>>> print(open('run.txt').read())   # compact mmCIF, C-alpha atoms and all ligand atoms
# COMPACT_ATOMS: atom_id res chain seq x y z
CA MET A 1111 -78.45 109.68 64.36
CA LEU A 1112 -78.15 112.14 61.52
CA LYS A 1113 -76.36 115.41 61.68
CA PRO A 1114 -77.42 118.38 59.53
CA GLN A 1115 -76.62 117.76 55.92
CA SER A 1116 -73.42 118.89 54.32
CA ASN A 1117 -75.42 120.59 51.56
CA MET A 1118 -76.75 123.13 54.02
CA LYS A 1119 -75.53 126.65 53.82
CA ASP A 1120 -73.15 127.23 56.70
CA ARG A 1121 -73.49 130.76 57.95
CA GLU A 1122 -71.14 130.20 60.86
CA THR A 1123 -68.94 133.24 61.21
CA GLY A 1124 -65.95 131.20 62.35
CA THR A 1125 -64.55 134.24 64.10
CA GLY A 1126 -63.38 134.17 67.70
CA SER A 1127 -65.04 131.52 69.81
CA TYR A 1128 -68.54 131.87 68.41
CA HIS A 1129 -69.51 128.49 66.96
CA PHE A 1130 -73.18 129.07 66.23
CA VAL A 1131 -75.27 130.10 63.23
CA ARG A 1132 -78.47 132.13 63.47
CA ARG A 1133 -81.65 131.05 61.71
CA GLU A 1134 -83.38 134.18 60.48
CA ALA A 1135 -86.64 132.49 59.39
CA CYS A 1136 -88.67 129.40 60.22
CA PRO A 1137 -86.66 126.41 58.95
CA ALA A 1138 -89.83 124.41 58.19
CA CYS A 1139 -91.85 126.93 56.14
CA HIS A 1140 -89.46 129.90 55.73
CA GLY A 1141 -92.04 132.12 57.43
CA SER A 1142 -90.44 135.33 58.67
CA ARG A 1143 -92.84 136.13 61.52
CA SER A 1144 -92.18 134.50 64.87
CA ARG A 1145 -92.32 135.24 68.56
CA GLN A 1146 -89.90 134.42 71.33
CA VAL A 1147 -91.10 131.68 73.69
CA TYR A 1148 -87.92 131.09 75.72
CA GLU A 1149 -84.47 132.60 76.15
CA CYS A 1150 -81.45 131.74 78.32
CA SER A 1151 -77.70 131.85 77.82
CA TYR A 1152 -76.18 128.42 77.14
CA THR A 1153 -73.66 129.02 79.89
CA ARG A 1154 -76.06 130.14 82.64
CA ALA A 1155 -78.59 128.35 84.86
CA PRO A 1156 -80.75 126.46 84.24
CA ILE A 1157 -79.47 125.51 80.75
CA ARG A 1158 -75.87 125.11 81.86
CA GLU A 1159 -76.87 122.61 84.58
CA TYR A 1160 -79.15 120.77 82.15
CA LEU A 1161 -76.32 120.36 79.60
CA ALA A 1162 -73.73 119.36 82.19
CA ASN A 1163 -76.09 116.71 83.51
CA PHE A 1164 -77.33 115.50 80.10
CA TYR A 1165 -73.88 115.03 78.57
CA GLY A 1166 -72.39 113.50 81.67
CA GLY A 1167 -69.63 116.09 82.06
CA ARG A 1168 -68.26 115.60 78.51
CA ILE A 1169 -69.40 119.05 77.39
CA ASP A 1170 -66.87 121.90 77.11
CA PHE A 1171 -68.70 125.16 77.84
CA SER A 1172 -65.99 127.31 76.27
CA TYR A 1173 -67.49 126.34 72.88
CA LEU A 1174 -70.86 127.76 73.92
CA ASP A 1175 -69.62 131.19 75.01
CA GLY A 1176 -71.63 134.10 73.69
CA ALA A 1177 -74.53 132.00 72.39
CA VAL A 1178 -78.12 132.14 73.57
CA PHE A 1179 -80.58 129.26 73.78
CA SER A 1180 -83.41 131.14 72.11
CA LEU A 1181 -86.67 129.43 71.12
CA LYS A 1182 -88.94 131.04 68.53
CA LYS A 1183 -92.44 129.98 67.52
CA CYS A 1184 -93.33 130.45 63.85
CA GLU A 1185 -96.58 132.34 63.43
CA PHE A 1186 -97.32 130.57 60.14
CA CYS A 1187 -96.81 126.87 60.88
CA GLY A 1188 -96.39 126.70 64.68
CA LEU A 1189 -92.88 125.19 64.62
CA ILE A 1190 -90.85 126.02 67.72
CA TYR A 1191 -87.22 126.29 66.69
CA GLN A 1192 -83.87 127.13 68.24
CA GLU A 1193 -82.72 130.37 66.71
CA GLU A 1194 -78.99 129.96 67.33
CA ILE A 1195 -77.79 126.46 66.47
CA PRO A 1196 -74.35 124.85 66.41
CA GLY A 1197 -72.38 125.46 63.21
CA ALA A 1198 -70.58 122.66 61.34
CA PHE A 1199 -67.56 122.62 63.65
CA LEU A 1200 -69.62 122.47 66.84
CA MET A 1201 -72.05 119.94 65.32
CA GLN A 1202 -69.15 117.59 64.74
CA LYS A 1203 -67.92 118.05 68.29
CA LEU A 1204 -71.42 117.48 69.65
CA TYR A 1205 -72.22 114.31 67.68
CA ASP A 1206 -68.75 112.75 67.61
CA GLU A 1207 -67.45 113.63 71.09
CA TRP A 1208 -70.08 114.88 73.50
CA ILE A 1209 -72.50 112.12 72.48
CA ASP A 1210 -70.48 108.98 73.06
CA PRO A 1211 -71.22 106.40 70.29
CA GLU A 1212 -70.36 103.48 72.58
CA THR A 1213 -72.81 104.63 75.27
CA ASP A 1214 -75.46 105.01 72.58
CA ARG A 1215 -74.68 101.55 71.22
CA ARG A 1216 -74.99 99.94 74.65
CA LYS A 1217 -78.35 101.67 75.06
CA CYS A 1218 -79.47 100.14 71.75
CA GLY A 1219 -78.31 96.72 72.88
CA SER A 1220 -80.67 96.81 75.85
CA ARG A 1221 -83.83 97.74 73.97
CA HIS A 1222 -87.06 96.07 75.01
CA ILE A 1223 -88.52 93.45 72.69
CA GLU A 1224 -91.50 95.77 72.04
CA TYR A 1225 -89.16 98.13 70.20
CA TYR A 1226 -88.40 95.48 67.61
CA ALA A 1227 -92.06 94.41 67.46
CA CYS A 1228 -93.02 98.00 66.57
CA ILE A 1229 -90.44 98.14 63.77
CA ALA A 1230 -91.63 94.78 62.45
CA GLN A 1231 -95.26 95.93 62.42
CA GLU A 1232 -94.35 99.14 60.63
CA ILE A 1233 -92.52 97.23 57.91
CA MET A 1234 -95.35 94.70 57.62
CA LYS A 1235 -97.67 97.64 56.99
CA ILE A 1236 -95.44 98.97 54.20
CA VAL A 1237 -94.92 95.58 52.55
CA ALA A 1238 -98.66 94.79 52.64
CA HIS A 1239 -99.46 98.19 51.14
CA TYR A 1240 -97.29 97.66 48.09
CA GLY A 1241 -98.32 94.05 47.49
CA PRO A 1242 -97.26 90.55 48.34
CA ASP A 1243 -93.90 90.60 46.56
CA SER A 1244 -91.48 92.63 48.67
CA SER A 1245 -88.37 91.74 46.65
CA GLY A 1246 -88.63 94.87 44.48
CA LEU A 1247 -89.44 97.15 47.38
CA ARG A 1248 -86.72 99.71 47.96
CA VAL A 1249 -86.70 101.35 51.38
CA LEU A 1250 -84.36 103.88 52.96
CA ASP A 1251 -83.71 104.62 56.62
CA VAL A 1252 -82.35 108.12 57.08
CA GLY A 1253 -80.22 108.47 60.18
CA MET A 1254 -80.19 104.68 60.45
CA GLY A 1255 -78.20 104.59 63.70
CA TRP A 1256 -77.22 101.01 64.47
CA GLY A 1257 -79.22 99.63 61.54
CA GLU A 1258 -82.11 97.88 63.33
CA TRP A 1259 -84.75 99.22 60.93
CA CYS A 1260 -82.72 98.28 57.83
CA ARG A 1261 -82.03 94.78 59.12
CA MET A 1262 -85.71 94.24 59.90
CA ALA A 1263 -86.72 95.48 56.43
CA GLY A 1264 -84.16 93.11 54.94
CA ALA A 1265 -85.67 90.25 56.93
CA PHE A 1266 -89.00 90.99 55.26
CA GLY A 1267 -87.36 90.76 51.84
CA CYS A 1268 -87.03 94.49 51.09
CA GLN A 1269 -83.95 96.07 49.52
CA ALA A 1270 -82.91 98.23 52.46
CA PHE A 1271 -80.54 101.19 52.33
CA GLY A 1272 -79.34 103.55 55.04
CA VAL A 1273 -78.01 107.09 55.30
CA GLU A 1274 -75.83 107.94 58.26
CA LEU A 1275 -73.01 110.38 58.98
CA SER A 1276 -71.53 108.80 62.10
CA GLU A 1277 -68.40 106.86 61.15
CA ALA A 1278 -68.87 104.33 63.98
CA ARG A 1279 -72.45 103.60 62.91
CA ILE A 1280 -71.53 103.33 59.21
CA ALA A 1281 -68.80 100.82 60.06
CA HIS A 1282 -71.32 98.80 62.08
CA ALA A 1283 -73.81 98.89 59.20
CA LEU A 1284 -71.23 97.68 56.70
CA GLN A 1285 -70.31 94.80 59.02
CA ASN A 1286 -73.99 93.85 58.91
CA ASN A 1287 -74.17 94.00 55.10
CA ILE A 1288 -76.41 97.06 55.03
CA ASP A 1289 -76.17 99.18 51.88
CA VAL A 1290 -75.04 102.63 53.03
CA ILE A 1291 -75.53 105.50 50.62
CA ASP A 1292 -74.21 109.03 50.76
CA TRP A 1293 -76.67 111.91 51.14
CA LYS A 1294 -75.11 113.53 48.06
CA ASP A 1295 -76.04 110.46 45.99
CA LEU A 1296 -79.72 110.51 46.92
CA ARG A 1297 -80.70 111.77 43.47
CA LYS A 1298 -79.34 108.56 41.92
CA HIS A 1299 -81.94 106.49 43.80
CA LYS A 1300 -85.70 106.02 43.92
CA PHE A 1301 -87.40 104.57 46.99
CA HIS A 1302 -90.89 103.33 47.74
CA PHE A 1303 -90.59 104.24 51.40
CA ILE A 1304 -88.26 106.52 53.34
CA ASN A 1305 -88.14 106.18 57.10
CA THR A 1306 -87.04 109.10 59.26
CA GLU A 1307 -87.39 108.34 62.95
CA GLN A 1308 -86.14 110.97 65.40
CA VAL A 1309 -84.24 112.77 62.64
CA PHE A 1310 -86.04 115.96 61.59
CA GLU A 1311 -85.81 117.55 65.03
CA HIS A 1312 -82.00 117.54 64.57
CA LEU A 1313 -81.80 119.14 61.11
CA ALA A 1314 -80.64 122.72 60.56
CA CYS A 1315 -82.61 123.01 57.30
CA PRO A 1316 -85.50 120.52 57.52
CA LEU A 1317 -87.43 121.91 54.53
CA GLU A 1318 -84.43 121.60 52.21
CA SER A 1319 -83.72 118.11 53.56
CA LEU A 1320 -87.32 117.00 53.01
CA THR A 1321 -87.29 118.41 49.48
CA ALA A 1322 -84.15 116.41 48.71
CA LEU A 1323 -85.73 113.25 50.13
CA ALA A 1324 -88.96 113.85 48.19
CA SER A 1325 -86.95 113.91 44.97
CA ALA A 1326 -85.72 110.40 45.80
CA LEU A 1327 -89.24 108.95 46.08
CA GLU A 1328 -90.95 106.76 43.51
CA ASP A 1329 -94.17 108.25 42.07
CA ASN A 1330 -96.21 106.30 44.62
CA GLY A 1331 -93.55 106.57 47.33
CA MET A 1332 -93.99 107.90 50.82
CA ILE A 1333 -91.90 109.22 53.66
CA LYS A 1334 -92.51 108.84 57.39
CA ILE A 1335 -91.49 111.59 59.75
CA GLY A 1336 -91.32 110.57 63.41
CA VAL A 1337 -90.33 113.34 65.84
CA PRO A 1338 -90.59 113.92 69.61
CA ASN A 1339 -93.96 114.94 70.99
CA GLY A 1340 -93.89 118.73 71.26
CA GLY A 1341 -97.53 119.13 72.26
CA ASN A 1342 -98.32 121.93 74.68
CA MET A 1343 -94.69 123.07 74.58
CA PRO A 1344 -95.28 126.78 75.39
CA ALA A 1345 -97.03 125.74 78.63
CA ARG A 1346 -94.22 123.31 79.49
CA LEU A 1347 -91.68 126.06 78.88
CA ARG A 1348 -93.52 128.36 81.26
CA LYS A 1349 -93.09 125.70 83.97
CA GLU A 1350 -89.39 125.55 83.02
CA ASN A 1351 -88.77 122.19 84.65
CA TRP A 1352 -85.50 121.11 83.03
CA ASN A 1353 -85.29 118.19 85.43
CA ALA A 1354 -88.63 116.69 84.32
CA PRO A 1355 -88.00 113.05 83.32
CA PHE A 1356 -88.14 112.03 79.67
CA GLY A 1357 -91.73 111.09 78.76
CA SER A 1358 -93.28 112.94 81.70
CA ARG A 1359 -95.96 115.60 81.23
CA ASP A 1360 -93.54 118.48 81.83
CA SER A 1361 -90.63 117.00 79.86
CA LEU A 1362 -88.71 119.52 77.74
CA ASN A 1363 -86.92 116.82 75.76
CA ALA A 1364 -88.61 117.96 72.50
CA VAL A 1365 -86.65 121.23 72.69
CA ALA A 1366 -83.45 119.76 74.15
CA PRO A 1367 -80.75 122.46 73.76
CA LEU A 1368 -78.24 121.91 70.92
CA GLU A 1369 -79.84 118.70 69.64
CA HIS A 1370 -83.60 119.06 69.22
CA ILE A 1371 -83.43 122.28 67.28
CA ASN A 1372 -86.89 121.88 65.68
CA CYS A 1373 -90.03 121.09 67.69
CA PHE A 1374 -92.81 120.13 65.26
CA THR A 1375 -96.58 120.06 65.41
CA ALA A 1376 -98.70 118.07 62.94
CA ASN A 1377 -99.47 121.37 61.19
CA SER A 1378 -95.82 122.35 60.81
CA ILE A 1379 -95.00 118.94 59.30
CA ALA A 1380 -97.96 119.19 56.91
CA ARG A 1381 -96.94 122.72 55.81
CA MET A 1382 -93.35 121.68 55.33
CA GLY A 1383 -94.53 118.65 53.34
CA ALA A 1384 -96.72 120.80 51.08
CA LEU A 1385 -93.75 123.06 50.32
CA ALA A 1386 -91.73 119.94 49.42
CA GLY A 1387 -94.55 118.76 47.10
CA LEU A 1388 -95.90 116.08 49.44
CA GLN A 1389 -99.44 115.42 50.61
CA PRO A 1390 -100.56 113.91 53.96
CA PHE A 1391 -101.36 110.20 53.74
CA SER A 1392 -102.87 107.77 56.24
CA PHE A 1393 -103.09 104.01 55.88
CA PRO A 1394 -106.73 102.86 56.25
CA LEU A 1395 -107.40 101.78 59.84
CA LEU A 1396 -108.34 98.26 58.71
CA HIS A 1397 -104.98 97.98 56.95
CA GLU A 1398 -103.19 99.15 60.09
CA TYR A 1399 -104.94 96.59 62.27
CA SER A 1400 -104.50 93.77 59.78
CA CYS A 1401 -100.75 94.36 59.95
CA THR A 1402 -100.47 94.25 63.71
CA PHE A 1403 -99.77 91.05 65.54
CA ILE A 1404 -103.46 91.07 66.45
CA GLY A 1405 -104.40 90.85 62.76
CA PRO A 1406 -107.70 89.65 61.31
CA VAL A 1407 -109.91 87.52 63.60
CA ARG A 1408 -109.00 84.22 61.89
CA THR A 1409 -105.25 84.99 62.18
CA SER A 1410 -105.64 86.07 65.79
CA LEU A 1411 -107.39 82.85 66.74
CA LYS A 1412 -104.71 80.79 65.04
CA ALA A 1413 -102.00 82.78 66.88
CA LEU A 1414 -103.78 82.17 70.17
CA LEU A 1415 -104.12 78.46 69.52
CA ARG A 1416 -100.68 77.86 68.02
CA PRO A 1417 -98.71 77.44 71.30
CA VAL A 1418 -101.36 75.01 72.58
CA TYR A 1419 -101.27 73.11 69.29
CA HIS A 1420 -97.49 72.88 69.42
CA ARG A 1421 -97.59 71.44 72.95
CA PHE A 1422 -100.49 69.06 72.87
CA HIS A 1423 -101.43 68.07 69.34
CA PRO A 1424 -100.40 64.46 68.78
CA ILE A 1425 -98.96 65.11 65.32
CA SER A 1426 -97.29 68.43 66.12
CA HIS A 1427 -94.00 68.68 64.27
CA TYR A 1428 -92.72 71.79 66.07
CA LEU A 1429 -90.17 70.99 68.72
CA THR A 1430 -87.52 72.96 70.54
CA LEU A 1431 -84.54 71.02 71.89
CA ARG A 1432 -82.19 72.32 74.54
CA LYS A 1433 -78.92 71.16 75.98
ZN ZN Y 1 -93.00 127.96 59.98
>>> encode(input="run.txt", output="structure tokens")
Amino acid sequence: MLKPQSNMKDRETGTGSYHFVRREACPACHGSRSRQVYECSYTRAPIREYLANFYGGRIDFSYLDGAVFSLKKCEFCGLIYQEEIPGAFLMQKLYDEWIDPETDRRKCGSRHIEYYACIAQEIMKIVAHYGPDSSGLRVLDVGMGWGEWCRMAGAFGCQAFGVELSEARIAHALQNNIDVIDWKDLRKHKFHFINTEQVFEHLACPLESLTALASALEDNGMIKIGVPNGGNMPARLRKENWNAPFGSRDSLNAVAPLEHINCFTANSIARMGALAGLQPFSFPLLHEYSCTFIGPVRTSLKALLRPVYHRFHPISHYLTLRK
């Protein structure tokens, strides 16, 4: 998980017990025209109950006094963003204390095998795009968490680097021989591919962050932005079901108070990208399919037949031994 970057301008007043900063314009396109789509004090129902439940009682509401959970929708790009967001002090408290790293790590340890299959397929797609030799391929995972993406990229022969601000996650990455770089040193590097998965919804200044990442791309480099699905959010907000389960039709996870401070649409990502000097890119469909585990017909047939071959072919030389 990646916290807002240290290079962001901190407008936190620091006076009294107010630990928030106000965003005066759209953080994705800097558009100044927006309309309010939701408003509720952080310390009143239903937001208070949502936070108490979500953070398992670890949250201290005295730090939220005087702040309002206010959602604005940009009239230029369609981004829905939280107007008042935690300042640097509260961000640290949120990501280092209220979100327990050990709980998060245990959650990672119980991921379904499909999660790793998806990462593997994504990296196969990147490697195949740049050519058969992956040894010179430099990739970066921003907000690398527990390093699964970097380790998978390394397994495919890429030079994998990670950016992360959580001390516990950095220590884990170093134990696993992952190259960790500091955000401030981005300009010293050039990458073919930058992965950002569930990162941009957390950033106080996403346009500035994307611009910094774009400057660290090779000429033919690309960056992936994966964010929560914020489709139909105004309608979901009208239903105001803060108890809707994650992934359900009414889920409000994409605007989760304090954490998911930017709720993107495809248009808001494209506009933000254009301002950062980036153009939309799609891998050809055939390329996508050829890099799945389905693959071309010949490969698929071989994959289907391989287990049978291993079991029954008289000269099979693939054996598993167990104690
Ligand atoms: Zn905007």
>>> closest_residue(input="run.txt", among="A:Arg1216, A:Arg1381, A:Arg1346, A:His1239", to="ligand ZN 1 (chain Y)", atoms="all atoms listed in the file")
A:Arg1381
>>> atom_distance(input="run.txt", atom1="atom CA of A:Ser1319", atom2="atom CA of A:Lys1203")
21.6 Å
>>> residues_near_ligand(input="run.txt", ligand="ligand ZN 1 (chain Y)", cutoff="8 Å", atoms="only C-alpha atoms and all ligand atoms", output="list in words")
Ala1135, Cys1136, Pro1137, Ala1138, Cys1139, His1140, Gly1141, Ser1142, Lys1183, Cys1184, Glu1185, Phe1186, Cys1187, Gly1188, Leu1189, Ser1378, Arg1381 and Met1382 of chain A
>>> write_last_selection(input="run.txt", atoms="C-alpha atoms", output="CSV table (one decimal), in the coordinates of the input")
chain,number,residue,atom,x,y,z
A,1135,ALA,CA,-86.6,132.5,59.4
A,1136,CYS,CA,-88.7,129.4,60.2
A,1137,PRO,CA,-86.7,126.4,59.0
A,1138,ALA,CA,-89.8,124.4,58.2
A,1139,CYS,CA,-91.8,126.9,56.1
A,1140,HIS,CA,-89.5,129.9,55.7
A,1141,GLY,CA,-92.0,132.1,57.4
A,1142,SER,CA,-90.4,135.3,58.7
A,1183,LYS,CA,-92.4,130.0,67.5
A,1184,CYS,CA,-93.3,130.4,63.8
A,1185,GLU,CA,-96.6,132.3,63.4
A,1186,PHE,CA,-97.3,130.6,60.1
A,1187,CYS,CA,-96.8,126.9,60.9
A,1188,GLY,CA,-96.4,126.7,64.7
A,1189,LEU,CA,-92.9,125.2,64.6
A,1378,SER,CA,-95.8,122.4,60.8
A,1381,ARG,CA,-96.9,122.7,55.8
A,1382,MET,CA,-93.4,121.7,55.3
>>> atom_distance(input="run.txt", atom1="atom CA of A:Val1273", atom2="atom CA of A:Asp1289")
8.8 Å
>>> residues_around(input="run.txt", residues="A:Gln1308", least_positions_apart="4", cutoff="8 Å", atoms="all atoms listed in the file", output="list in words")
Met1111, His1312, Ile1335, Gly1336, Val1337 and Pro1338 of chain A
>>> closest_residue(input="run.txt", among="A:Ser1180, A:Asn1286, A:Gln1269, A:Asn1342", to="A:Ile1304", atoms="all atoms listed in the file")
A:Gln1269
>>> atom_distance(input="run.txt", atom1="atom CA of A:Gly1257", atom2="atom CA of A:Ala1283")
5.9 Å
>>> residues_around(input="run.txt", residues="stretch 1245-1252 of chain A", least_positions_apart="6", cutoff="10 Å", atoms="all atoms listed in the file", output="PyMOL selection string")
chain A and resi 1111-1112+1233+1236-1237+1258-1260+1263-1264+1266-1275+1289-1291+1293+1299-1310+1323+1326-1328+1331-1334
>>> closest_residue(input="run.txt", among="A:Glu1194, A:Glu1232, A:Glu1149, A:Glu1159", to="A:Ser1400", atoms="only C-alpha atoms")
A:Glu1232
>>> residues_around(input="run.txt", residues="A:Asp1175", least_positions_apart="4", cutoff="10 Å", atoms="all atoms listed in the file", output="list in words")
Ser1127, Tyr1128, His1129, Phe1130, Ser1151, Tyr1152, Thr1153, Asp1170 and Phe1171 of chain A
>>> closest_residue(input="run.txt", among="A:Met1343, A:Ile1379, A:Ala1155, A:Leu1395", to="A:Leu1317", atoms="all atoms listed in the file")
A:Ile1379
>>> residues_around(input="run.txt", residues="A:Ile1195", least_positions_apart="4", cutoff="8 Å", atoms="all atoms listed in the file", output="list in words")
Phe1130, Val1131, Arg1132, Arg1133, Ala1314, Leu1368 and Ile1371 of chain A
>>> write_last_selection(input="run.txt", atoms="C-alpha atoms", output="PDB file, keeping the file's coordinate frame")
ATOM      1  CA  PHE A1130     -73.180 129.070  66.230  1.00  0.00           C
ATOM      2  CA  VAL A1131     -75.270 130.100  63.230  1.00  0.00           C
ATOM      3  CA  ARG A1132     -78.470 132.130  63.470  1.00  0.00           C
ATOM      4  CA  ARG A1133     -81.650 131.050  61.710  1.00  0.00           C
ATOM      5  CA  ALA A1314     -80.640 122.720  60.560  1.00  0.00           C
ATOM      6  CA  LEU A1368     -78.240 121.910  70.920  1.00  0.00           C
ATOM      7  CA  ILE A1371     -83.430 122.280  67.280  1.00  0.00           C
TER       8      ILE A1371
END
>>> closest_residue(input="run.txt", among="A:Ala1384, A:Asn1351, A:Gly1255, A:Gly1166", to="A:Ala1281", atoms="all atoms listed in the file")
A:Gly1255
>>> residues_around(input="run.txt", residues="A:Leu1181", least_positions_apart="3", cutoff="9 Å", atoms="only C-alpha atoms", output="number ranges by chain")
A: 1145-1149, 1190-1194, 1365, 1371
>>> build_atoms(input="run.txt", residues="stretch 1268-1293 of chain A", atoms="N, CA and C atoms", output="short mmCIF file (atom, residue, chain, number, x, y, z; two decimals), keeping the file's coordinate frame")
data_model
loop_
_atom_site.label_atom_id
_atom_site.label_comp_id
_atom_site.auth_asym_id
_atom_site.auth_seq_id
_atom_site.Cartn_x
_atom_site.Cartn_y
_atom_site.Cartn_z
N CYS A 1268 -87.20 93.21 51.77
CA CYS A 1268 -87.03 94.49 51.09
C CYS A 1268 -85.56 94.72 50.75
N GLN A 1269 -85.32 95.59 49.77
CA GLN A 1269 -83.95 96.07 49.52
C GLN A 1269 -83.79 97.31 50.40
N ALA A 1270 -82.99 97.16 51.46
CA ALA A 1270 -82.91 98.23 52.46
C ALA A 1270 -81.60 99.00 52.35
N PHE A 1271 -81.70 100.30 52.41
CA PHE A 1271 -80.54 101.19 52.33
C PHE A 1271 -80.56 102.12 53.55
N GLY A 1272 -79.40 102.63 53.91
CA GLY A 1272 -79.34 103.55 55.04
C GLY A 1272 -78.48 104.76 54.73
N VAL A 1273 -78.84 105.87 55.34
CA VAL A 1273 -78.01 107.09 55.30
C VAL A 1273 -77.59 107.39 56.73
N GLU A 1274 -76.32 107.66 56.92
CA GLU A 1274 -75.83 107.94 58.26
C GLU A 1274 -74.53 108.72 58.13
N LEU A 1275 -74.26 109.62 59.04
CA LEU A 1275 -73.01 110.38 58.98
C LEU A 1275 -72.00 109.95 60.03
N SER A 1276 -72.45 109.24 61.05
CA SER A 1276 -71.53 108.80 62.10
C SER A 1276 -70.65 107.66 61.59
N GLU A 1277 -69.34 107.86 61.66
CA GLU A 1277 -68.40 106.86 61.15
C GLU A 1277 -68.57 105.52 61.87
N ALA A 1278 -68.74 105.58 63.20
CA ALA A 1278 -68.87 104.33 63.98
C ALA A 1278 -70.12 103.56 63.55
N ARG A 1279 -71.21 104.27 63.29
CA ARG A 1279 -72.45 103.60 62.91
C ARG A 1279 -72.38 103.08 61.47
N ILE A 1280 -71.70 103.81 60.59
CA ILE A 1280 -71.53 103.33 59.21
C ILE A 1280 -70.71 102.04 59.22
N ALA A 1281 -69.64 102.03 60.00
CA ALA A 1281 -68.80 100.82 60.06
C ALA A 1281 -69.62 99.63 60.56
N HIS A 1282 -70.46 99.86 61.55
CA HIS A 1282 -71.32 98.80 62.08
C HIS A 1282 -72.31 98.32 61.02
N ALA A 1283 -72.86 99.26 60.25
CA ALA A 1283 -73.81 98.89 59.20
C ALA A 1283 -73.13 98.04 58.13
N LEU A 1284 -71.94 98.43 57.74
CA LEU A 1284 -71.23 97.68 56.70
C LEU A 1284 -70.90 96.27 57.17
N GLN A 1285 -70.57 96.14 58.46
CA GLN A 1285 -70.31 94.80 59.02
C GLN A 1285 -71.56 93.92 58.94
N ASN A 1286 -72.73 94.58 58.95
CA ASN A 1286 -73.99 93.85 58.91
C ASN A 1286 -74.61 93.82 57.51
N ASN A 1287 -73.75 94.08 56.51
CA ASN A 1287 -74.17 94.00 55.10
C ASN A 1287 -75.33 94.92 54.74
N ILE A 1288 -75.39 96.07 55.38
CA ILE A 1288 -76.41 97.06 55.03
C ILE A 1288 -75.82 97.98 53.96
N ASP A 1289 -76.61 98.26 52.92
CA ASP A 1289 -76.17 99.18 51.88
C ASP A 1289 -76.24 100.61 52.40
N VAL A 1290 -75.08 101.24 52.54
CA VAL A 1290 -75.04 102.63 53.03
C VAL A 1290 -74.85 103.55 51.84
N ILE A 1291 -75.70 104.54 51.72
CA ILE A 1291 -75.53 105.50 50.62
C ILE A 1291 -75.22 106.88 51.19
N ASP A 1292 -74.58 107.67 50.36
CA ASP A 1292 -74.21 109.03 50.76
C ASP A 1292 -75.38 109.97 50.46
N TRP A 1293 -75.57 110.93 51.36
CA TRP A 1293 -76.67 111.91 51.14
C TRP A 1293 -76.54 112.56 49.77
#
